[in-house]
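Taking it in order: structure first as structure tokens, then the write-up.
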Amino acid sequence: MPVVMLVHFNTEFSNIIWSVPIFFMMLTVIFNNKNIFLGLGILSLLLEVIFWILLPDLWMMVDERFYFYRLLFYIIGIGLTTIITRIYILRLQENSKQDAFQKMISELSADFVTMNRSNFEEKVNQLLKRSGDFTGIDRVYVCRFSEDKKILFCTHEWVNEGITSWMEEINSVGITTLSWSVGQILKNEIVYIPSPDQLPMTAEAERLQLKKGKVRSQILVPIQSNHGIIGLIGFDEIRSGKSLRGIDQDWLRVLANILADAIAKVETEQDMNYLAYYDPLTGMPNRALFYRRLERAIDLVGQTAKNLAVIFIDLDGFKEVNDTLGHDWGDQLLNQIGKRLTDCLGEAGLVGRFGGDEFLIMVPQFSHNHELEIIAEKVMSIFHRPLLVAEQELHISGSGGIAVYPSDGENVTTLIKNADLAMYAAKKSGKGRMAYCSGDMKEAVQEKVTLTNRLHRALERQELFLHYQPQVSAITHEITGFEALLRWNHPERGIISPEVFIPLAEQSGLISTIGEWVLKTACAQNKAWQKQGYKPVRMAVNLSVEQFRSSNLERIIHTCLEVSGLEPQYLELEITEGIAMKTSQYVIRQLYALKRLGVDISIDDFGTAFSSMSRLKDLPVDRIKIDRQFIWGIGENPRDESIISVMIHLAQKLGLRVVAEGVETEAQLNFLKKKGCDEVQGYYCGRPVSVVDFEVINNY
């Protein structure tokens with residue numbers, strides 16, 4: 001450098017060399033070395049001054065005024081270089097800080113991808129700590145609005161070393177939405193308070209609170225979700241009051257957005273969890289959650305000497321409430337019942353909604369049966385008081401079944417199944433009561449399951465067959481028809497009564513398949529007898545409820561007649577009185593459709609249900625069959641005789657023929673003949689017979 005300074009006095013190079021030190025000083029900006037720059041600048045100025053003072057012969061070769069301009073240019077160059085260096089350093093610092101922030105955001109975002117309800121607290125605390133360390137802030141915290149949006153509560157907080165936590169103090173009083181800063185937050189604006197003294201006059205309470213907490217400056221950033229502002233993230237400076245000035249508020253928005261996304265994810269997970277484990281109508285545990293807690297309770301009680309019970313509650317007559325008042329009021333009724341059950345049990349049990357109008361109750365860890373009996377009485381007592389629905393007092397009862405662990409089941413499924421079984425037993429015994437599961441009930445269920453499983457293969461294994469019972473004229477005793485009666489020859493248990501297996505077929509959905517087989521077989525057999533030379537008569541076949549509801553019934557009957565070659569007038573379809581008396585237009589349309597095929601239609605078990613004669617006159621019916629329970633009263637119960645007389649008389653007035661079922665004595669036959677009954681059926685006139693025994697029937 002001194003050599004350069006000497007050379008630049010040479011008149012030949014002075015106009016070029018004198019600016020070289022400035023060039024070197026400019027280069028120091030690139031290396032961002034403050035010491036080199038200062039040393040080079042000070043050395044250049046000192047040498048210029050020293051040469052000017054101590055070597056007058058040299059500078060005399062340069063114009064004095066021009067030399068002065070050179071010194072001024074040095075000073076300006078050093079100053080400009082200082083400014084440029086400072087700007088350059090600031091830019092580097094900003095870029096470095098921006099890179100660091102981007103890296104932090106990237107890491108936080110990647111970390112929050114694995115966030116869920118279980119680690120939400122940990123993840124949020126990590127975010128607060130990292131943002132606090134990055135910004136140099138003394139305290140970072142998150143506040144959430146209450147459900148009514150009136151108060152803010154602090155949910156998470158991070159404080160630097162030596163800084164006192166403020167969370168408990170804030171939550172003890174709460175931050176109302178009437179405060180100035182919260183009002184700004186609700187407008188989705190970032191609140192920057194450089195100093196408590198700079199708050200407006202309307203924020204006096206906040207000013208005092210900040211000074212009490214020794215907060216020098218503060219930034220509050222709103223947390224916004226799809227449903228509006230849900231809270232804020234706050235940054236407090238307590239020690240220096242300078243860090244907040246250098247924080248880019250856009251950065252804070254990014255942190256708030258990460259928090260908003262995390263909160264939304266957790267709330268969505270909570271909503272999904274609620275829908276998965278809680279009944280949306282009553283807010284009670286649903287079947288899935290009840291099963292899970294019952295499993296845990298079984299594991300726990302298995303380690304002790306105590307018992308556990310499940311109570312299955314079903315409301316009596318709830319359908320009528322829905323039909324009368326509507327489903328909205330029915331929902332209110334379910335809510336009230338659920339609340340009463342929960343309140344009456346308290347901590348003594350768990351109540352869940354099983355579905356529809358059914359509730360499950362778990363009674364964990366009781367030592368003696370009388371404890372369970374007391375709880376059962378409490379449960380049934382909730383139905384003693386009326387419920388107010390749609391400004392009407394409703395009295396509704398409930399039936400319950402109790403299953404006890406381990407005698408009634410050692411797992412969740414068995415316990416609930418047996419409690420359900422006991423509940424149905426309670427309903428059958430009169431409703432409005434509680435029943436305990438018994439060994440007989442479980443045996444009956446096992447028997448039902450075994451028979452149902454075997455029934456699925458009965459047709460395939462040719463275990464089902466038909467017997468035919470004659471229907472005879474009450475006057476001439478001549479056979480006028482047959483009724484096809486279904487029988488089951490079980491390979492191990494022998495002949496099983498239709499009263500046992502037909503309900504099983506209806507419940508298992510087999511009745512339609514079996515019923516179609518009966519139709520085909522009965523039609524084919526009647527036609528076969530006709531071909532053998534026997535006098536053509538009717539063949540009566542019972543239709544189940546499921547068959548009658550089938551949209552294919554007309555086609556099935558038409559096919560049976562067509563395939564067998566039987567003329568329609570020789571087929572009679574029997575429907576129950578319950579089907580015939582339904583007010584549905586579908587029933588009328590179905591009956592007329594069947595009648596158009598040319599078949600006869602009769603009403604079976606007449607008199608066992610509430611019948612309307614005005615309804616009966618509108619139906620395309622040919623016969624009514626008086627139920628056997630009235631026939632058995634002939635000669636013993638004058639009321640039964642009166643009912644029979646009325647039914648026969650009204651049927652004759654409507655142009656219907658009358659068949660009496662269950663005739664077993666001559667006295668019964670004589671009474672019916674006297675009253676004008678057309679035909680009779682029963683053991684006195686002829687027992688059901690197989691095809692093989694058909695030829696021995698008298699008078700045929």
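Letters A, B, ... go to the chains of the structure tokens in the order shown; residues in each chain start at 1; ligands are counted from 1 in the same order.
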Name all residues at most 12 Å from Ile579 of chain A (count only C-alpha atoms; drop same-chain ones fewer than 5 positions away) and give them as a tab-separated table (two decimals) with N, CA, C and O atoms, in the first residue's frame.
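Writing done, so here's around15.tsv:
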```tsv
chain	number	residue	atom	x	y	z
A	543	LEU	N	-100.53	-69.34	2.52
A	543	LEU	CA	-99.52	-68.36	2.11
A	543	LEU	C	-99.00	-67.65	3.34
A	543	LEU	O	-99.78	-67.13	4.15
A	544	SER	N	-97.67	-67.58	3.48
A	544	SER	CA	-97.07	-66.83	4.59
A	544	SER	C	-97.11	-65.33	4.29
A	544	SER	O	-97.37	-64.91	3.16
A	545	VAL	N	-96.83	-64.56	5.32
A	545	VAL	CA	-96.79	-63.10	5.15
A	545	VAL	C	-95.73	-62.72	4.12
A	545	VAL	O	-95.96	-61.86	3.25
A	546	GLU	N	-94.56	-63.36	4.20
A	546	GLU	CA	-93.48	-63.03	3.27
A	546	GLU	C	-93.86	-63.38	1.83
A	546	GLU	O	-93.54	-62.64	0.90
A	547	GLN	N	-94.53	-64.51	1.65
A	547	GLN	CA	-94.97	-64.88	0.30
A	547	GLN	C	-95.96	-63.86	-0.25
A	547	GLN	O	-95.89	-63.46	-1.41
A	548	PHE	N	-96.90	-63.46	0.61
A	548	PHE	CA	-97.93	-62.53	0.16
A	548	PHE	C	-97.34	-61.17	-0.21
A	548	PHE	O	-97.83	-60.49	-1.11
A	549	ARG	N	-96.26	-60.78	0.46
A	549	ARG	CA	-95.62	-59.49	0.18
A	549	ARG	C	-94.77	-59.53	-1.08
A	549	ARG	O	-94.41	-58.49	-1.62
A	574	GLU	N	-104.88	-69.75	1.07
A	574	GLU	CA	-105.31	-69.32	2.40
A	574	GLU	C	-104.38	-68.23	2.92
A	574	GLU	O	-103.16	-68.41	2.93
A	584	SER	N	-103.91	-51.53	3.89
A	584	SER	CA	-103.06	-51.15	2.76
A	584	SER	C	-103.74	-51.45	1.43
A	584	SER	O	-104.37	-52.50	1.25
A	585	GLN	N	-103.61	-50.53	0.51
A	585	GLN	CA	-104.14	-50.75	-0.83
A	585	GLN	C	-103.39	-51.87	-1.54
A	585	GLN	O	-103.93	-52.52	-2.44
A	586	TYR	N	-102.17	-52.12	-1.11
A	586	TYR	CA	-101.39	-53.21	-1.71
A	586	TYR	C	-102.08	-54.55	-1.49
A	586	TYR	O	-102.10	-55.40	-2.37
A	587	VAL	N	-102.66	-54.74	-0.29
A	587	VAL	CA	-103.36	-56.00	0.01
A	587	VAL	C	-104.52	-56.20	-0.95
A	587	VAL	O	-104.70	-57.29	-1.51
A	588	ILE	N	-105.28	-55.16	-1.18
A	588	ILE	CA	-106.44	-55.27	-2.08
A	588	ILE	C	-105.98	-55.57	-3.50
A	588	ILE	O	-106.52	-56.46	-4.17
A	590	GLN	N	-103.20	-56.97	-4.47
A	590	GLN	CA	-102.63	-58.31	-4.55
A	590	GLN	C	-103.73	-59.37	-4.58
A	590	GLN	O	-103.66	-60.34	-5.36
A	591	LEU	N	-104.77	-59.20	-3.75
A	591	LEU	CA	-105.85	-60.18	-3.73
A	591	LEU	C	-106.60	-60.22	-5.06
A	591	LEU	O	-106.95	-61.29	-5.57
A	602	SER	N	-109.33	-67.86	0.62
A	602	SER	CA	-110.00	-68.02	1.91
A	602	SER	C	-109.19	-67.31	2.99
A	602	SER	O	-107.97	-67.13	2.85
A	603	ILE	N	-109.90	-66.94	4.07
A	603	ILE	CA	-109.25	-66.30	5.21
A	603	ILE	C	-109.15	-67.32	6.33
A	603	ILE	O	-110.17	-67.81	6.84
A	604	ASP	N	-107.92	-67.64	6.70
A	604	ASP	CA	-107.65	-68.66	7.71
A	604	ASP	C	-107.68	-68.04	9.11
A	604	ASP	O	-107.48	-66.83	9.29
A	605	ASP	N	-107.95	-68.88	10.12
A	605	ASP	CA	-107.93	-68.46	11.54
A	605	ASP	C	-108.87	-67.28	11.77
A	605	ASP	O	-108.56	-66.36	12.55
A	606	PHE	N	-110.01	-67.28	11.12
A	606	PHE	CA	-110.92	-66.15	11.22
A	606	PHE	C	-111.46	-66.04	12.65
A	606	PHE	O	-111.85	-67.04	13.27
A	609	ALA	N	-108.29	-62.29	15.11
A	609	ALA	CA	-107.85	-60.89	15.06
A	609	ALA	C	-109.09	-60.00	14.95
A	609	ALA	O	-110.21	-60.47	14.74
A	610	PHE	N	-108.85	-58.70	15.11
A	610	PHE	CA	-109.97	-57.77	15.02
A	610	PHE	C	-110.38	-57.61	13.56
A	610	PHE	O	-109.60	-57.14	12.74
A	611	SER	N	-111.59	-58.06	13.23
A	611	SER	CA	-112.05	-58.03	11.85
A	611	SER	C	-113.14	-57.00	11.67
A	611	SER	O	-113.99	-56.80	12.55
A	615	ARG	N	-114.82	-54.06	5.95
A	615	ARG	CA	-113.60	-54.32	5.21
A	615	ARG	C	-113.71	-55.64	4.43
A	615	ARG	O	-113.32	-55.74	3.28
A	616	LEU	N	-114.33	-56.64	5.07
A	616	LEU	CA	-114.42	-57.96	4.48
A	616	LEU	C	-115.27	-57.96	3.21
A	616	LEU	O	-114.98	-58.68	2.25
A	619	LEU	N	-113.37	-57.28	-0.10
A	619	LEU	CA	-112.27	-58.14	-0.53
A	619	LEU	C	-112.79	-59.29	-1.39
A	619	LEU	O	-113.88	-59.83	-1.14
```
If we count only C-alpha atoms, what is near segment 258-275 of chain A at a cut-off of 8 Å, once residues fewer than 3 positions away on the same chain are taken out, given as a VMD selection string? chain A and resid 109 112 115 to 117 120 124 223 to 225 254 to 255 278 to 280
Prev. selection, C-alpha atoms, output as a PDB file, in the first residue's frame:
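Result went into selection03.pdb, see below:
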```
ATOM      1  CA  SER A 109     -44.565 -28.706   8.745  1.00  0.00           C
ATOM      2  CA  PHE A 112     -46.874 -31.783  12.102  1.00  0.00           C
ATOM      3  CA  MET A 115     -49.451 -35.019  14.503  1.00  0.00           C
ATOM      4  CA  ASN A 116     -52.574 -36.599  16.006  1.00  0.00           C
ATOM      5  CA  ARG A 117     -54.691 -36.283  19.127  1.00  0.00           C
ATOM      6  CA  PHE A 120     -50.889 -32.740  19.755  1.00  0.00           C
ATOM      7  CA  VAL A 124     -47.561 -27.515  19.844  1.00  0.00           C
ATOM      8  CA  ILE A 223     -55.410 -18.062  14.397  1.00  0.00           C
ATOM      9  CA  GLN A 224     -58.044 -18.453  11.709  1.00  0.00           C
ATOM     10  CA  SER A 225     -59.916 -21.614  10.702  1.00  0.00           C
ATOM     11  CA  VAL A 254     -47.171 -18.686   8.777  1.00  0.00           C
ATOM     12  CA  LEU A 255     -46.751 -20.044  12.328  1.00  0.00           C
ATOM     13  CA  TYR A 278     -70.834 -41.851  20.498  1.00  0.00           C
ATOM     14  CA  ASP A 279     -74.459 -41.789  19.492  1.00  0.00           C
ATOM     15  CA  PRO A 280     -75.093 -38.512  17.618  1.00  0.00           C
TER      16      PRO A 280
END
```
Need the shell around Val680 of chain A: protein/DNA/RNA residues with any atom at most 6 Å away, counting only C-alpha atoms. Skip same-chain ones fewer than 2 positions apart. Format as an MDAnalysis selection string? chainID A and resid 471:472 474 659:660
Residues from the last selection, all heavy atoms, saved as a compact mmCIF listing (two decimals), in the first residue's frame:
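Written file, again-v4.txt:
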```
# COMPACT_ATOMS: atom_id res chain seq x y z
N GLN A 471 -111.35 -81.76 3.75
CA GLN A 471 -112.42 -80.85 4.13
C GLN A 471 -113.70 -81.47 3.57
O GLN A 471 -113.78 -81.79 2.38
CB GLN A 471 -112.19 -79.46 3.56
CG GLN A 471 -110.92 -78.80 4.08
CD GLN A 471 -110.58 -77.50 3.35
OE1 GLN A 471 -111.08 -77.28 2.25
NE2 GLN A 471 -109.72 -76.69 3.94
N VAL A 472 -114.71 -81.63 4.43
CA VAL A 472 -115.92 -82.35 4.02
C VAL A 472 -117.14 -81.47 4.19
O VAL A 472 -117.16 -80.52 4.99
CB VAL A 472 -116.10 -83.65 4.84
CG1 VAL A 472 -114.89 -84.56 4.68
CG2 VAL A 472 -116.35 -83.34 6.29
N ALA A 474 -120.58 -80.39 5.60
CA ALA A 474 -121.23 -80.61 6.90
C ALA A 474 -122.54 -81.35 6.75
O ALA A 474 -123.01 -82.00 7.70
CB ALA A 474 -121.46 -79.26 7.59
N VAL A 659 -115.98 -72.53 6.54
CA VAL A 659 -115.32 -73.79 6.88
C VAL A 659 -114.93 -73.71 8.36
O VAL A 659 -114.35 -72.72 8.80
CB VAL A 659 -114.06 -74.03 6.02
CG1 VAL A 659 -113.39 -75.35 6.40
CG2 VAL A 659 -114.41 -74.02 4.55
N ALA A 660 -115.28 -74.75 9.13
CA ALA A 660 -114.94 -74.80 10.55
C ALA A 660 -113.74 -75.72 10.74
O ALA A 660 -113.77 -76.88 10.30
CB ALA A 660 -116.12 -75.27 11.37
```
What separates atom CA of Gly481 of chain A and atom CA of Arg538 of chain A is a distance of 4.4 Å
